[in-house]
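structure-v4.cif (mmCIF, C-alpha atoms) appears below.
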```
data_target
loop_
_atom_site.label_atom_id
_atom_site.label_comp_id
_atom_site.auth_asym_id
_atom_site.auth_seq_id
_atom_site.Cartn_x
_atom_site.Cartn_y
_atom_site.Cartn_z
CA ARG A 1 -44.21 23.24 -45.62
CA GLY A 2 -41.00 21.38 -46.45
CA GLY A 3 -42.31 17.85 -46.19
CA ARG A 4 -40.30 14.87 -45.17
CA GLY A 5 -39.44 13.86 -48.76
CA GLY A 6 -38.41 17.24 -50.16
CA LYS A 7 -35.22 17.59 -52.15
CA GLY A 8 -33.71 19.97 -49.64
CA GLY A 9 -34.52 17.73 -46.74
CA PRO A 10 -36.09 19.13 -43.59
CA PRO A 11 -36.14 22.92 -43.32
CA GLY A 12 -33.25 24.29 -41.39
CA LEU A 13 -31.22 27.41 -40.83
CA ASN A 14 -30.10 27.39 -44.49
CA GLY A 15 -33.55 26.58 -45.86
CA GLY A 16 -35.30 29.48 -44.23
CA GLY A 17 -38.09 27.26 -42.93
CA GLY A 18 -37.12 27.07 -39.24
CA PHE A 19 -34.79 25.10 -36.98
CA SER A 20 -33.76 21.55 -37.88
CA ASP A 21 -34.78 18.78 -35.58
CA PRO A 22 -31.46 17.44 -34.18
CA ARG A 23 -33.11 14.12 -33.40
CA ASP A 24 -33.73 13.50 -37.09
CA PRO A 25 -30.96 11.15 -38.36
CA ARG A 26 -30.82 13.13 -41.59
CA ASN A 27 -29.54 16.13 -39.64
CA ASN A 28 -26.78 14.21 -37.86
CA GLN A 29 -23.52 15.47 -39.39
CA PHE A 30 -21.64 12.36 -38.22
CA GLN A 31 -23.94 10.10 -40.21
CA LYS A 32 -23.97 12.20 -43.41
CA GLY A 33 -21.77 11.46 -46.36
CA GLY A 34 -21.51 8.83 -49.04
CA LYS A 35 -24.60 9.04 -51.18
CA GLY A 36 -25.68 12.54 -50.24
CA GLY A 37 -22.25 14.20 -50.38
CA ARG A 38 -20.29 15.70 -53.26
CA ASP A 39 -17.41 13.34 -52.58
CA LYS A 40 -16.76 10.05 -50.92
CA GLY A 41 -15.46 11.77 -47.87
CA GLY A 42 -18.91 12.52 -46.57
CA GLY A 43 -20.02 15.55 -48.59
CA LYS A 44 -19.42 19.17 -48.02
CA GLY A 45 -18.05 19.75 -44.59
CA GLY A 46 -17.82 16.00 -44.07
CA GLN A 47 -15.09 14.41 -41.99
CA ARG A 48 -12.88 11.44 -42.68
CA PHE A 49 -12.41 8.94 -39.84
CA MET A 50 -9.51 6.61 -39.28
CA PRO A 51 -10.44 2.99 -39.98
CA MET A 52 -10.73 0.88 -36.80
CA SER A 53 -7.92 -1.33 -37.98
CA GLU A 54 -5.51 1.60 -37.72
CA VAL A 55 -6.41 2.44 -34.06
CA LYS A 56 -3.54 1.53 -31.75
CA PRO A 57 -4.66 -0.74 -28.88
CA LEU A 58 -4.42 0.58 -25.31
CA GLU A 59 -1.38 -0.45 -23.31
CA LYS A 60 -1.47 -1.21 -19.57
CA THR A 61 0.81 1.08 -17.57
CA GLU A 62 2.42 0.63 -14.19
CA ASN A 63 0.09 3.13 -12.53
CA ALA A 64 -3.02 1.67 -14.08
CA TYR A 65 -6.42 2.75 -12.73
CA VAL A 66 -7.13 -0.78 -11.58
CA ALA A 67 -4.37 -0.51 -8.96
CA ALA A 68 -5.87 2.74 -7.65
CA THR A 69 -9.29 1.12 -7.50
CA ILE A 70 -7.97 -1.81 -5.50
CA ALA A 71 -6.18 0.53 -3.12
CA LYS A 72 -9.41 2.49 -2.63
CA LYS A 73 -11.28 -0.73 -1.90
CA ASP A 74 -8.70 -1.60 0.74
CA VAL A 75 -9.10 1.83 2.34
CA ASP A 76 -12.88 1.53 2.25
CA ALA A 77 -12.70 -1.91 3.87
CA GLY A 78 -10.43 -0.57 6.62
CA GLU A 79 -12.74 2.37 7.28
CA LYS A 80 -15.76 0.07 7.43
CA LEU A 81 -14.00 -2.21 9.91
CA LEU A 82 -13.16 0.82 12.04
CA ARG A 83 -16.75 2.10 11.97
CA ASP A 84 -18.27 -1.29 12.76
CA CYS A 85 -15.82 -1.89 15.60
CA LYS A 86 -16.56 1.49 17.19
CA SER A 87 -20.29 1.09 16.70
CA ILE A 88 -20.43 -2.23 18.57
CA LEU A 89 -18.19 -1.06 21.43
CA ASN A 90 -20.26 2.11 21.87
CA LYS A 91 -23.39 -0.01 22.37
CA LEU A 92 -21.92 -2.33 25.04
CA ALA A 93 -24.43 -3.01 27.80
CA PRO A 94 -25.02 -6.04 30.04
CA GLU A 95 -28.43 -6.89 28.59
CA LYS A 96 -27.08 -6.78 25.00
CA PHE A 97 -23.63 -8.21 25.62
CA ASP A 98 -24.04 -11.67 24.08
CA LYS A 99 -25.66 -10.31 20.92
CA LEU A 100 -23.04 -7.59 20.48
CA ALA A 101 -20.19 -9.98 21.27
CA GLY A 102 -21.48 -12.29 18.52
CA GLN A 103 -21.47 -9.40 16.05
CA PHE A 104 -17.99 -8.39 17.16
CA LEU A 105 -16.61 -11.88 16.55
CA GLU A 106 -17.94 -11.72 12.98
CA LEU A 107 -15.82 -8.68 12.12
CA PRO A 108 -13.61 -9.44 9.07
CA VAL A 109 -10.08 -9.79 10.44
CA GLY A 110 -7.94 -10.47 7.40
CA SER A 111 -4.53 -9.15 8.41
CA PRO A 112 -2.38 -8.15 11.40
CA ALA A 113 -3.30 -4.53 10.65
CA ASP A 114 -6.99 -5.35 11.05
CA MET A 115 -6.22 -7.07 14.34
CA GLU A 116 -4.30 -4.05 15.62
CA VAL A 117 -7.26 -1.78 14.84
CA ILE A 118 -9.65 -3.98 16.79
CA VAL A 119 -7.28 -4.47 19.74
CA GLY A 120 -6.63 -0.74 19.91
CA HIS A 121 -10.31 0.12 20.18
CA VAL A 122 -11.11 -2.58 22.73
CA PHE A 123 -8.20 -1.37 24.86
CA ASP A 124 -9.10 2.32 24.55
CA THR A 125 -12.72 1.60 25.47
CA ALA A 126 -11.71 -0.36 28.58
CA VAL A 127 -9.22 2.29 29.69
CA ALA A 128 -11.49 5.29 29.02
CA GLU A 129 -14.56 3.66 30.60
CA PRO A 130 -13.44 1.58 33.60
CA ALA A 131 -17.05 0.59 34.29
CA LEU A 132 -16.94 -1.33 30.98
CA GLY A 133 -13.75 -3.14 31.99
CA THR A 134 -15.52 -6.38 32.87
CA MET A 135 -17.33 -6.60 29.53
CA CYS A 136 -14.22 -5.60 27.55
CA ALA A 137 -12.20 -8.29 29.34
CA THR A 138 -14.88 -10.93 28.67
CA LEU A 139 -15.05 -9.83 25.03
CA SER A 140 -11.26 -9.99 24.80
CA ALA A 141 -11.25 -13.56 26.09
CA ARG A 142 -13.73 -14.57 23.39
CA CYS A 143 -11.78 -12.73 20.69
CA SER A 144 -8.54 -14.46 21.69
CA GLU A 145 -10.25 -17.82 21.16
CA SER A 146 -12.04 -16.97 17.90
CA PHE A 147 -9.88 -14.57 15.89
CA PRO A 148 -7.19 -16.00 13.58
CA GLU A 149 -3.45 -15.72 14.12
CA PHE A 150 -0.96 -14.38 11.61
CA HIS A 151 2.73 -14.88 10.92
CA ASP A 152 4.93 -12.07 12.18
CA ALA A 153 6.49 -10.54 9.06
CA ASP A 154 9.11 -8.73 11.14
CA ASN A 155 10.12 -11.92 12.93
CA PRO A 156 9.31 -14.96 10.74
CA GLY A 157 10.70 -17.42 13.26
CA GLY A 158 9.00 -15.82 16.25
CA LYS A 159 5.61 -16.14 17.85
CA PRO A 160 2.54 -15.55 15.68
CA VAL A 161 0.54 -12.33 15.89
CA THR A 162 -2.57 -13.01 17.95
CA PHE A 163 -5.29 -10.93 19.58
CA LYS A 164 -4.05 -11.86 23.03
CA ARG A 165 -0.44 -11.01 22.30
CA LEU A 166 -1.30 -7.58 20.85
CA LEU A 167 -3.64 -6.76 23.72
CA LEU A 168 -1.19 -7.72 26.46
CA ASN A 169 1.52 -5.70 24.73
CA LYS A 170 -0.83 -2.72 24.86
CA CYS A 171 -1.42 -3.20 28.56
CA GLN A 172 2.30 -3.50 29.27
CA GLU A 173 3.16 -0.40 27.25
CA GLU A 174 0.55 1.63 29.11
CA PHE A 175 1.69 0.27 32.46
CA GLU A 176 5.25 1.38 31.74
CA LYS A 177 4.29 4.86 30.54
CA GLU A 178 4.73 6.53 33.91
CA ASN A 179 8.26 7.70 33.21
CA VAL A 180 7.26 8.81 29.72
CA VAL A 181 4.61 11.16 31.12
CA LYS A 182 7.07 12.59 33.65
CA THR A 183 9.57 13.21 30.85
CA GLN A 184 6.89 14.97 28.77
CA LEU A 185 5.98 17.23 31.69
CA GLU A 186 9.63 18.06 32.35
CA ALA A 187 10.16 18.86 28.66
CA LEU A 188 7.45 21.54 28.71
CA GLY A 189 8.74 25.08 28.93
CA GLU A 190 8.64 27.07 32.13
CA ASP A 191 6.06 29.39 30.57
CA THR A 192 3.61 26.48 30.12
CA PRO A 193 0.49 27.22 32.19
CA LYS A 194 0.12 25.16 35.33
CA GLU A 195 -3.41 24.20 34.26
CA GLU A 196 -2.10 22.65 31.03
CA LYS A 197 0.46 20.56 32.89
CA GLU A 198 -2.19 19.41 35.35
CA LEU A 199 -4.52 18.46 32.49
CA ILE A 200 -1.80 16.29 30.92
CA ARG A 201 -1.08 14.65 34.26
CA MET A 202 -4.77 13.97 34.97
CA ARG A 203 -5.30 12.40 31.56
CA ALA A 204 -2.30 10.15 32.09
CA LYS A 205 -3.56 9.23 35.55
CA LYS A 206 -7.00 8.34 34.23
CA ARG A 207 -5.51 6.03 31.63
CA MET A 208 -3.19 4.49 34.21
CA LEU A 209 -6.06 3.71 36.58
CA GLY A 210 -8.24 2.40 33.75
CA ASN A 211 -5.40 0.18 32.54
CA ILE A 212 -4.76 -1.22 36.01
CA ARG A 213 -8.41 -2.10 36.49
CA PHE A 214 -8.51 -3.68 33.02
CA ILE A 215 -5.39 -5.74 33.79
CA GLY A 216 -7.15 -7.06 36.87
CA GLU A 217 -10.22 -7.99 34.82
CA LEU A 218 -8.06 -9.75 32.22
CA TYR A 219 -6.49 -11.77 35.02
CA LYS A 220 -9.96 -12.81 36.16
CA GLN A 221 -10.56 -14.04 32.60
CA LYS A 222 -7.32 -16.07 32.85
CA MET A 223 -5.65 -14.06 30.09
CA LEU A 224 -2.84 -13.06 32.48
CA THR A 225 -0.92 -15.23 34.91
CA GLU A 226 -0.77 -14.75 38.67
CA LYS A 227 2.97 -14.22 38.36
CA ILE A 228 2.39 -11.12 36.24
CA MET A 229 -0.07 -9.82 38.84
CA HIS A 230 2.56 -10.14 41.56
CA GLU A 231 5.08 -8.31 39.38
CA CYS A 232 2.61 -5.45 38.93
CA LEU A 233 1.90 -5.26 42.67
CA ILE A 234 5.60 -5.24 43.55
CA LYS A 235 6.24 -2.41 41.11
CA LEU A 236 3.32 -0.38 42.47
CA LEU A 237 4.38 -0.82 46.09
CA GLY A 238 7.40 1.29 45.20
CA ASP A 239 9.15 3.46 47.78
CA ILE A 240 7.59 3.36 51.26
CA GLU A 241 9.30 6.57 52.36
CA LYS A 242 8.35 8.63 49.29
CA PRO A 243 5.49 6.79 47.59
CA ASP A 244 4.08 8.10 44.33
CA GLU A 245 0.42 8.96 44.86
CA ASP A 246 -0.69 7.74 41.44
CA GLU A 247 1.04 4.41 42.02
CA VAL A 248 -0.57 4.10 45.45
CA GLU A 249 -4.00 4.64 43.91
CA CYS A 250 -3.28 2.08 41.19
CA LEU A 251 -2.08 -0.37 43.85
CA CYS A 252 -5.35 -0.02 45.77
CA LYS A 253 -7.46 -0.41 42.60
CA LEU A 254 -5.60 -3.53 41.50
CA MET A 255 -5.59 -5.11 44.95
CA THR A 256 -9.32 -4.46 45.29
CA THR A 257 -9.93 -6.10 41.90
CA ILE A 258 -7.82 -9.26 42.28
CA GLY A 259 -7.02 -9.52 46.00
CA SER A 260 -9.55 -12.26 46.73
CA LEU A 261 -8.16 -14.38 43.87
CA ILE A 262 -4.46 -14.19 44.73
CA ASP A 263 -4.86 -14.36 48.53
CA HIS A 264 -4.53 -18.12 48.98
CA ALA A 265 -2.32 -20.43 51.02
CA ARG A 266 0.51 -20.67 48.47
CA ALA A 267 0.79 -16.89 48.14
CA LYS A 268 0.09 -16.01 51.79
CA SER A 269 3.69 -15.02 52.52
CA HIS A 270 3.72 -12.65 49.54
CA LEU A 271 0.40 -11.06 50.50
CA ASP A 272 1.53 -10.66 54.10
CA GLU A 273 4.60 -8.80 52.90
CA TYR A 274 2.56 -6.58 50.58
CA PHE A 275 0.18 -5.59 53.35
CA THR A 276 3.02 -4.94 55.78
CA ARG A 277 4.35 -2.38 53.31
CA MET A 278 0.86 -0.99 52.75
CA LYS A 279 0.42 -0.48 56.51
CA SER A 280 3.71 1.40 56.60
CA MET A 281 2.53 3.66 53.79
CA ALA A 282 -0.84 4.18 55.50
CA ASN A 283 1.04 5.44 58.59
CA ASN A 284 3.28 7.71 56.53
CA GLU A 285 2.26 11.27 57.47
CA LYS A 286 3.98 12.64 54.37
CA LEU A 287 1.40 10.89 52.21
CA ALA A 288 -1.87 12.68 51.43
CA ILE A 289 -4.77 11.86 53.75
CA ARG A 290 -6.88 10.56 50.86
CA MET A 291 -4.18 8.06 49.90
CA ARG A 292 -3.78 6.91 53.49
CA PHE A 293 -7.52 6.30 53.83
CA MET A 294 -7.52 4.43 50.53
CA LEU A 295 -4.76 2.12 51.75
CA GLN A 296 -6.55 1.53 55.03
CA GLU A 297 -9.75 0.58 53.21
CA VAL A 298 -7.90 -2.15 51.30
CA ILE A 299 -6.27 -3.37 54.51
CA ASP A 300 -9.70 -3.57 56.16
CA LEU A 301 -11.06 -5.31 53.07
CA ARG A 302 -8.57 -8.15 53.46
CA ARG A 303 -9.17 -8.34 57.17
CA GLY A 304 -12.88 -8.76 56.44
CA GLY A 305 -12.32 -11.64 54.02
CA TRP A 306 -12.46 -9.48 50.89
CA LYS A 307 -16.17 -8.73 51.37
CA GLN A 308 -17.16 -5.27 50.26
CA ARG A 309 -18.88 -3.40 53.07
CA VAL A 310 -19.53 -0.19 51.12
CA ALA A 311 -20.28 -0.88 47.47
CA ASP A 312 -18.05 0.91 45.02
CA PRO A 313 -20.34 2.10 42.15
CA ALA A 314 -17.92 0.76 39.55
CA VAL A 315 -17.62 -2.59 41.35
CA LYS A 316 -21.40 -2.75 41.73
CA MET A 317 -21.89 -2.18 38.01
CA GLN A 318 -19.31 -4.86 37.22
CA GLN A 319 -21.13 -7.34 39.48
CA GLN A 320 -24.38 -6.56 37.67
CA GLN A 321 -22.67 -7.03 34.32
CA GLN A 322 -21.26 -10.39 35.39
CA ALA A 323 -24.69 -11.49 36.59
CA GLN A 324 -26.28 -10.48 33.28
CA MET A 325 -23.61 -12.22 31.24
CA GLY A 326 -23.98 -15.31 33.39
CA LYS A 327 -27.65 -15.42 32.39
CA GLY A 328 -26.72 -15.28 28.74
CA GLY A 329 -27.72 -11.65 28.36
CA LYS A 330 -31.44 -12.37 28.88
CA GLY A 331 -31.92 -9.99 31.76
CA LYS A 332 -33.84 -6.75 31.55
CA GLY A 333 -30.91 -4.47 32.16
CA GLY A 334 -27.93 -3.58 34.24
CA GLY A 335 -29.50 -0.66 36.13
CA PRO A 336 -29.97 -0.71 39.91
#
```
The structure in this file should be written as structure tokens.
Amino acid sequence: RGGRGGKGGPPGLNGGGGFSDPRDPRNNQFQKGGKGGRDKGGGKGGQRFMPMSEVKPLEKTENAYVAATIAKKDVDAGEKLLRDCKSILNKLAPEKFDKLAGQFLELPVGSPADMEVIVGHVFDTAVAEPALGTMCATLSARCSESFPEFHDADNPGGKPVTFKRLLLNKCQEEFEKENVVKTQLEALGEDTPKEEKELIRMRAKKRMLGNIRFIGELYKQKMLTEKIMHECLIKLLGDIEKPDEDEVECLCKLMTTIGSLIDHARAKSHLDEYFTRMKSMANNEKLAIRMRFMLQEVIDLRRGGWKQRVADPAVKMQQQQQAQMGKGGKGKGGGP
């Protein structure tokens, strides 16, 4: 029976009456002692505890947990910025452009590193998906007006770090990568499969063409000067006798994109010279037939007043995107 008030307390293993209830305070060994024990140390089996006054206070170390927590928060913030940036760019569409652009401009840009992340993804999206070049260029123009600028830690007395500056540096680096790709291909061993070399070359070509088209779209947004456009065209015109096919294709893409804007009275002499060289290349029998036809199409385009006779699917999509954005993104969609 062993009632609650018995001398031996509740029955337990030693009392022969069953298991003790561990929830009963009287069975808590840490609370026993004093009155019920044989000595002041807490009774038989009791434990002495150090008085709180003797406990040494904690000291803050150099590698305190707080520092690790802050570092983790910084990493988490960077990862969130990356995810949000990618998410918005992946959803780009003419009918949702204004809404998505508004969300993009609200991204927390608190440092040059944040800016580099955003610029990198805008650039990669435009280069990988040329059909999105118009929207990426329009978005870039808005970002250059809205995002903050930062002091350049590496060059305190130099120009500030801005969205526009970082983006144009990206474009220039990609534009000048031609020789880098050639060096990479030459560095590959002789036993490297031909297919692997061709894959590397095709990837580089795709980025080159995407970059050229994007440069043209940035010029249309007035983020690049006409002088820079002429410098790009002169470089791409290259050697008439032994023209590089990739450069010829880039030349045609860029001229198709910006030709109508730079073909004015003040630049007529320059354009005439460009097209004289292009005619020479189009008549060069050493050049691939496809390249020669491409050059002739651009020549005919200028002769026809820069009016597209056969719609290029990418150009058509860009025109639809521009129309949608001009309406404030209230249209039903960018499909045909």
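With all atoms listed in the file as the atoms that count, the minimum distance from Phe104 (chain A) to the choices A:Ser269, A:Thr276, A:Asn284, A:Ser146 is reached by A:Ser146.
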Around region 156-159 of chain A, fit a box with edges along x, y and z, padding it by 6 Å on each side, then list its centre and edge lengths in Å to one decimal as lines of an AutoDock Vina configuration file.
```
center_x = 8.2
center_y = -16.2
center_z = 14.3
size_x = 17.1
size_y = 14.5
size_z = 19.1
```
Item to complete: Considering all atoms listed in the file, return as a PyMOL selection string whatever protein or nucleic-acid residues lie within 12 Å of Pro148 (chain A), sequence-local ones (same chain, fewer than 3 positions apart) excluded.
Response: chain A and resi 105-112+114-115+142-145+151+160-164
Practice prompt. Find the residues around Ile240 (chain A) up to 9 Å (all atoms listed in the file counted), leave out those fewer than 4 positions away in its own chain, and share them as a count of residues only.
Written response: 5
Discussion item. As a check of understanding, name the residues that the PyMOL selection byres ((chain A and resi 246) around 10) selects in the supplied structure, as an MDAnalysis selection string.
Written reply: chainID A and resid 178 201:202 204:206 208:209 236 243:245 247:251 291
Output C-alpha atoms for every residue in the selection just made, as a PDB file, in the frame of the given file.
```
ATOM      1  CA  GLU A 178       4.730   6.530  33.910  1.00  0.00           C
ATOM      2  CA  ARG A 201      -1.080  14.650  34.260  1.00  0.00           C
ATOM      3  CA  MET A 202      -4.770  13.970  34.970  1.00  0.00           C
ATOM      4  CA  ALA A 204      -2.300  10.150  32.090  1.00  0.00           C
ATOM      5  CA  LYS A 205      -3.560   9.230  35.550  1.00  0.00           C
ATOM      6  CA  LYS A 206      -7.000   8.340  34.230  1.00  0.00           C
ATOM      7  CA  MET A 208      -3.190   4.490  34.210  1.00  0.00           C
ATOM      8  CA  LEU A 209      -6.060   3.710  36.580  1.00  0.00           C
ATOM      9  CA  LEU A 236       3.320  -0.380  42.470  1.00  0.00           C
ATOM     10  CA  PRO A 243       5.490   6.790  47.590  1.00  0.00           C
ATOM     11  CA  ASP A 244       4.080   8.100  44.330  1.00  0.00           C
ATOM     12  CA  GLU A 245       0.420   8.960  44.860  1.00  0.00           C
ATOM     13  CA  GLU A 247       1.040   4.410  42.020  1.00  0.00           C
ATOM     14  CA  VAL A 248      -0.570   4.100  45.450  1.00  0.00           C
ATOM     15  CA  GLU A 249      -4.000   4.640  43.910  1.00  0.00           C
ATOM     16  CA  CYS A 250      -3.280   2.080  41.190  1.00  0.00           C
ATOM     17  CA  LEU A 251      -2.080  -0.370  43.850  1.00  0.00           C
ATOM     18  CA  MET A 291      -4.180   8.060  49.900  1.00  0.00           C
TER      19      MET A 291
END
```
Response to the item:
A straight line from CA of Gly259 (chain A) to CA of Lys242 (chain A) spans 24.0 Å
Quick check on the file I pasted: which residues fall under the PyMOL selection byres ((chain A and resi 118) around 9)? Write them as an mmCIF file with C-alpha atoms, keeping the file's coordinate frame.
```
data_model
loop_
_atom_site.group_PDB
_atom_site.id
_atom_site.type_symbol
_atom_site.label_atom_id
_atom_site.label_comp_id
_atom_site.auth_asym_id
_atom_site.auth_seq_id
_atom_site.Cartn_x
_atom_site.Cartn_y
_atom_site.Cartn_z
ATOM 1 C CA LEU A 81 -14.000 -2.210 9.910
ATOM 2 C CA LEU A 82 -13.160 0.820 12.040
ATOM 3 C CA CYS A 85 -15.820 -1.890 15.600
ATOM 4 C CA LYS A 86 -16.560 1.490 17.190
ATOM 5 C CA VAL A 109 -10.080 -9.790 10.440
ATOM 6 C CA ALA A 113 -3.300 -4.530 10.650
ATOM 7 C CA ASP A 114 -6.990 -5.350 11.050
ATOM 8 C CA MET A 115 -6.220 -7.070 14.340
ATOM 9 C CA GLU A 116 -4.300 -4.050 15.620
ATOM 10 C CA VAL A 117 -7.260 -1.780 14.840
ATOM 11 C CA VAL A 119 -7.280 -4.470 19.740
ATOM 12 C CA GLY A 120 -6.630 -0.740 19.910
ATOM 13 C CA HIS A 121 -10.310 0.120 20.180
ATOM 14 C CA VAL A 122 -11.110 -2.580 22.730
ATOM 15 C CA PHE A 123 -8.200 -1.370 24.860
ATOM 16 C CA PHE A 163 -5.290 -10.930 19.580
#
```
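Counting from CA of Lys279 (chain A), the distance to CA of Ile212 (chain A) is 21.2 Å.
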